[in-house]
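As stored in start.cif (mmCIF, C-alpha atoms):
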```
data_target
#
loop_
_atom_site.group_PDB
_atom_site.id
_atom_site.type_symbol
_atom_site.label_atom_id
_atom_site.label_comp_id
_atom_site.auth_asym_id
_atom_site.auth_seq_id
_atom_site.Cartn_x
_atom_site.Cartn_y
_atom_site.Cartn_z
ATOM 1 C CA MET A 165 67.495 -27.615 -4.025
ATOM 2 C CA ILE A 166 66.217 -25.036 -6.464
ATOM 3 C CA GLY A 167 67.512 -24.911 -10.034
ATOM 4 C CA SER A 168 66.758 -23.274 -13.338
ATOM 5 C CA GLU A 169 67.783 -23.391 -16.987
ATOM 6 C CA LEU A 170 67.394 -20.641 -19.546
ATOM 7 C CA GLY A 171 66.747 -20.553 -23.260
ATOM 8 C CA TYR A 172 65.356 -18.243 -25.925
ATOM 9 C CA PHE A 173 64.394 -17.980 -29.571
ATOM 10 C CA GLY A 174 63.108 -14.999 -31.538
ATOM 11 C CA ASN A 175 61.918 -12.743 -28.760
ATOM 12 C CA ILE A 176 60.598 -15.509 -26.484
ATOM 13 C CA TRP A 177 62.470 -16.352 -23.287
ATOM 14 C CA VAL A 178 61.767 -19.624 -21.498
ATOM 15 C CA ARG A 179 63.109 -20.262 -18.019
ATOM 16 C CA GLN A 180 62.785 -23.772 -16.584
ATOM 17 C CA ASN A 181 62.488 -23.899 -12.787
ATOM 18 C CA ASN A 182 62.874 -27.025 -10.657
ATOM 19 C CA ILE A 183 62.130 -27.146 -6.935
ATOM 20 C CA GLU A 184 63.090 -30.432 -5.254
ATOM 21 C CA LYS A 185 61.409 -30.131 -1.851
ATOM 22 C CA ALA A 186 58.022 -28.917 -0.637
ATOM 23 C CA GLY A 187 58.322 -25.624 1.231
ATOM 24 C CA GLU A 188 61.213 -24.258 -0.823
ATOM 25 C CA SER A 189 60.622 -21.047 -2.741
ATOM 26 C CA PHE A 190 62.091 -18.546 -5.141
ATOM 27 C CA PRO A 191 62.492 -15.157 -3.431
ATOM 28 C CA GLY A 192 59.931 -12.489 -4.163
ATOM 29 C CA HIS A 193 60.691 -10.302 -7.161
ATOM 30 C CA LYS A 194 58.904 -8.277 -9.845
ATOM 31 C CA HIS A 195 59.194 -7.567 -13.557
ATOM 32 C CA LYS A 196 58.425 -4.670 -15.879
ATOM 33 C CA PHE A 197 56.318 -6.955 -18.102
ATOM 34 C CA ASP A 198 53.536 -9.535 -17.817
ATOM 35 C CA HIS A 199 54.531 -13.164 -18.167
ATOM 36 C CA VAL A 200 53.016 -16.610 -17.969
ATOM 37 C CA THR A 201 54.172 -19.458 -15.774
ATOM 38 C CA LEU A 202 53.448 -22.961 -17.092
ATOM 39 C CA LEU A 203 53.188 -25.386 -14.171
ATOM 40 C CA VAL A 204 54.078 -28.830 -15.523
ATOM 41 C CA LYS A 205 54.517 -30.944 -12.384
ATOM 42 C CA GLY A 206 53.483 -30.576 -8.755
ATOM 43 C CA SER A 207 51.674 -27.874 -6.801
ATOM 44 C CA ILE A 208 52.701 -24.326 -5.952
ATOM 45 C CA GLU A 209 51.477 -21.346 -4.010
ATOM 46 C CA VAL A 210 51.881 -17.940 -5.633
ATOM 47 C CA GLU A 211 51.964 -14.847 -3.463
ATOM 48 C CA VAL A 212 51.386 -11.538 -5.261
ATOM 49 C CA GLU A 213 51.717 -8.305 -3.296
ATOM 50 C CA GLY A 214 48.356 -6.907 -2.258
ATOM 51 C CA HIS A 215 46.535 -10.213 -2.885
ATOM 52 C CA SER A 216 45.887 -13.399 -0.929
ATOM 53 C CA PRO A 217 48.150 -16.356 -1.831
ATOM 54 C CA LYS A 218 46.667 -18.727 -4.401
ATOM 55 C CA ARG A 219 47.389 -22.433 -4.970
ATOM 56 C CA PHE A 220 47.818 -24.097 -8.358
ATOM 57 C CA ASN A 221 48.104 -27.750 -9.376
ATOM 58 C CA ALA A 222 49.766 -29.033 -12.553
ATOM 59 C CA PRO A 223 49.036 -28.987 -15.382
ATOM 60 C CA THR A 224 48.026 -25.325 -15.574
ATOM 61 C CA PHE A 225 49.360 -21.864 -16.237
ATOM 62 C CA VAL A 226 49.565 -18.789 -14.033
ATOM 63 C CA ILE A 227 49.555 -15.214 -15.321
ATOM 64 C CA ILE A 228 51.953 -12.913 -13.481
ATOM 65 C CA ARG A 229 51.168 -9.212 -13.999
ATOM 66 C CA LYS A 230 53.933 -6.634 -14.375
ATOM 67 C CA ASP A 231 55.057 -4.419 -11.510
ATOM 68 C CA TYR A 232 53.777 -6.765 -8.771
ATOM 69 C CA LYS A 233 56.199 -8.475 -6.432
ATOM 70 C CA HIS A 234 55.518 -12.215 -6.549
ATOM 71 C CA LYS A 235 56.907 -15.332 -4.903
ATOM 72 C CA VAL A 236 56.505 -19.011 -5.832
ATOM 73 C CA THR A 237 56.575 -21.662 -3.096
ATOM 74 C CA SER A 238 56.529 -25.413 -3.736
ATOM 75 C CA LEU A 239 53.708 -27.310 -1.995
ATOM 76 C CA THR A 240 54.968 -30.697 -3.212
ATOM 77 C CA ASP A 241 58.333 -32.288 -3.929
ATOM 78 C CA ASP A 242 59.728 -32.219 -7.485
ATOM 79 C CA VAL A 243 57.929 -29.166 -8.866
ATOM 80 C CA LEU A 244 58.639 -28.206 -12.474
ATOM 81 C CA TYR A 245 57.461 -24.971 -14.069
ATOM 82 C CA TYR A 246 58.460 -22.661 -16.902
ATOM 83 C CA CYS A 247 58.341 -18.851 -17.001
ATOM 84 C CA VAL A 248 57.717 -17.599 -20.539
ATOM 85 C CA PHE A 249 57.908 -13.994 -21.698
ATOM 86 C CA ALA A 250 58.936 -11.708 -24.543
ATOM 87 C CA LEU A 251 62.455 -10.282 -24.337
ATOM 88 C CA ARG A 252 62.402 -6.506 -24.065
ATOM 89 C CA ASN A 253 64.830 -3.610 -24.223
ATOM 90 C CA LEU A 254 65.085 -0.906 -21.546
ATOM 91 C CA ASP A 255 62.206 1.004 -23.164
ATOM 92 C CA GLY A 256 59.963 -2.054 -22.842
ATOM 93 C CA ASP A 257 59.839 -2.787 -26.565
ATOM 94 C CA PRO A 258 60.157 -6.443 -27.636
ATOM 95 C CA ILE A 259 63.561 -7.528 -28.923
ATOM 96 C CA GLU A 260 63.446 -9.526 -32.153
ATOM 97 C CA ASP A 261 65.702 -11.949 -33.987
ATOM 98 C CA LEU A 262 67.756 -13.544 -31.233
ATOM 99 C CA ILE A 263 68.836 -17.100 -31.887
ATOM 100 C CA ASN A 264 70.526 -19.307 -29.332
ATOM 101 C CA GLU A 265 72.749 -21.376 -31.603
ATOM 102 C CA LYS A 266 73.435 -23.848 -28.791
ATOM 103 C CA VAL A 267 69.887 -25.228 -29.071
ATOM 104 C CA ASP A 268 69.252 -24.624 -32.788
ATOM 105 C CA PRO A 269 69.913 -27.798 -34.830
ATOM 106 C CA MET A 270 69.731 -25.742 -38.039
ATOM 107 C CA SER A 271 72.552 -23.416 -36.997
ATOM 108 C CA ALA A 272 75.790 -23.614 -38.963
ATOM 109 C CA SER A 273 77.804 -22.609 -35.896
ATOM 110 C CA PRO A 274 80.114 -25.066 -34.177
ATOM 111 C CA VAL A 275 79.001 -26.783 -30.998
ATOM 112 C CA PHE A 276 79.813 -24.769 -27.885
ATOM 113 C CA ASP A 277 82.376 -26.058 -25.414
ATOM 114 C CA THR A 278 80.256 -26.746 -22.324
ATOM 115 C CA GLU A 279 83.282 -26.306 -20.068
ATOM 116 C CA ASP A 280 83.996 -22.791 -21.339
ATOM 117 C CA THR A 281 80.911 -20.677 -20.643
ATOM 118 C CA SER A 282 82.544 -17.597 -22.189
ATOM 119 C CA THR A 283 81.735 -19.016 -25.648
ATOM 120 C CA GLN A 284 78.034 -19.494 -24.835
ATOM 121 C CA ARG A 285 76.688 -16.167 -26.012
ATOM 122 C CA PRO A 286 73.683 -15.428 -28.201
ATOM 123 C CA ALA A 287 74.128 -14.553 -31.830
ATOM 124 C CA VAL A 288 72.029 -11.816 -33.416
ATOM 125 C CA PHE A 289 70.957 -12.281 -37.009
ATOM 126 C CA PRO A 290 68.815 -10.209 -39.390
ATOM 127 C CA ALA A 291 65.231 -11.393 -39.714
ATOM 128 C CA ALA A 292 64.570 -13.984 -42.380
ATOM 129 C CA ALA A 293 63.036 -12.587 -45.543
#
```
Before anything else, please render the file you have as structure tokens.
Amino acid sequence: MIGSELGYFGNIWVRQNNIEKAGESFPGHKHKFDHVTLLVKGSIEVEVEGHSPKRFNAPTFVIIRKDYKHKVTSLTDDVLYYCVFALRNLDGDPIEDLINEKVDPMSASPVFDTEDTSTQRPAVFPAAA
């Protein structure tokens, strides 16, 4: 089973990825921005178009360059890694000042109802002075 969780703060997006079984993979895809993958547990193989596959063992990080199709395959059971990148608009400029109140203990907002996902939306605030 493959799973992921998402979260963000400021303009930083963090996506947690779990792969239960060796041999499972996330399908190949590409982004319009560079990002880093932090491998916390296990071993993976990363295939980047035009390059030979490369293996990585935790703990380490992997830099994924923009505009290259890439695929991550688990080489061991129970792999855990995080993709981290700056949020960007359609022009490629970083987005600032997003706060996910669900994970911010300093937020004055009420706790979200976990059964009703329609209430789980980001709030946008002006930058702190």
When the PyMOL selection byres ((chain A and resi 200) around 6) is applied to the structure above, which residues does it catch, written out as a list in words?
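This file, filtered by the PyMOL selection byres ((chain A and resi 200) around 6), leaves His199, Thr201, Val226, Ile227, Ile228, Cys247 and Val248 of chain A.
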Which value, in Å to one decimal, gives the distance between atom CA of A:Glu188 and atom CA of A:Tyr246?
16.4 Å
Is it possible to get the residues within 6 Å of (52.7, -28.1, 1.3) (coordinates as in the file, counting all atoms listed in the file) written as a list of chain:residue names?
A:Ala186, A:Leu239, A:Thr240
Any chance you could export the current selection's C-alpha atoms as a short mmCIF file (atom, residue, chain, number, x, y, z; two decimals), in the coordinates of the input?
```cif
data_model
loop_
_atom_site.label_atom_id
_atom_site.label_comp_id
_atom_site.auth_asym_id
_atom_site.auth_seq_id
_atom_site.Cartn_x
_atom_site.Cartn_y
_atom_site.Cartn_z
CA ALA A 186 58.02 -28.92 -0.64
CA LEU A 239 53.71 -27.31 -2.00
CA THR A 240 54.97 -30.70 -3.21
#
```
When the PyMOL selection byres ((chain A and resi 184) around 6) is applied to the structure above, which residues does it catch, written out as a list in words?
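So the PyMOL selection byres ((chain A and resi 184) around 6) ends up selecting Met165, Ile183, Lys185, Asp241 and Asp242 of chain A.
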Run the PyMOL selection byres ((chain A and resi 251) around 7) against the file shown and list the residues it catches, as number ranges by chain.
A: 175-177, 249-250, 252, 258-259
Near stretch 216-218 of chain A, within 10 Å and counting only C-alpha atoms, which residues show up once chain neighbours fewer than 6 positions away are dropped, as a list of chain:residue names?
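The neighbour list is A:Ile208, A:Glu209, A:Val210, A:His234, A:Lys235, A:Val236.
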Would you mind exporting the chosen residues as a PDB file, in the coordinates of the input, restricted to C-alpha atoms?
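Result saved to part-v5.pdb:
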```pdb
ATOM      1  CA  ILE A 208      52.701 -24.326  -5.952  1.00  0.00           C
ATOM      2  CA  GLU A 209      51.477 -21.346  -4.010  1.00  0.00           C
ATOM      3  CA  VAL A 210      51.881 -17.940  -5.633  1.00  0.00           C
ATOM      4  CA  HIS A 234      55.518 -12.215  -6.549  1.00  0.00           C
ATOM      5  CA  LYS A 235      56.907 -15.332  -4.903  1.00  0.00           C
ATOM      6  CA  VAL A 236      56.505 -19.011  -5.832  1.00  0.00           C
TER       7      VAL A 236
END
```
Mind giving me the axis-aligned box for stretch 203-213 of chain A with 3 Å on every side, centre plus edges in Å to one decimal, as JSON?
```
{"center_x": 53.0, "center_y": -19.6, "center_z": -9.4, "size_x": 9.1, "size_y": 28.6, "size_z": 18.2}
```
To one decimal in Å, tell me the separation between atom CA of A:Pro191 and atom CA of A:Ser238.
11.9 Å
Just how far from atom CA of A:Arg179 is atom CA of A:Val243, in Å to one decimal?
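Value for the atom CA of A:Val243-atom CA of A:Arg179 distance: 13.8 Å.
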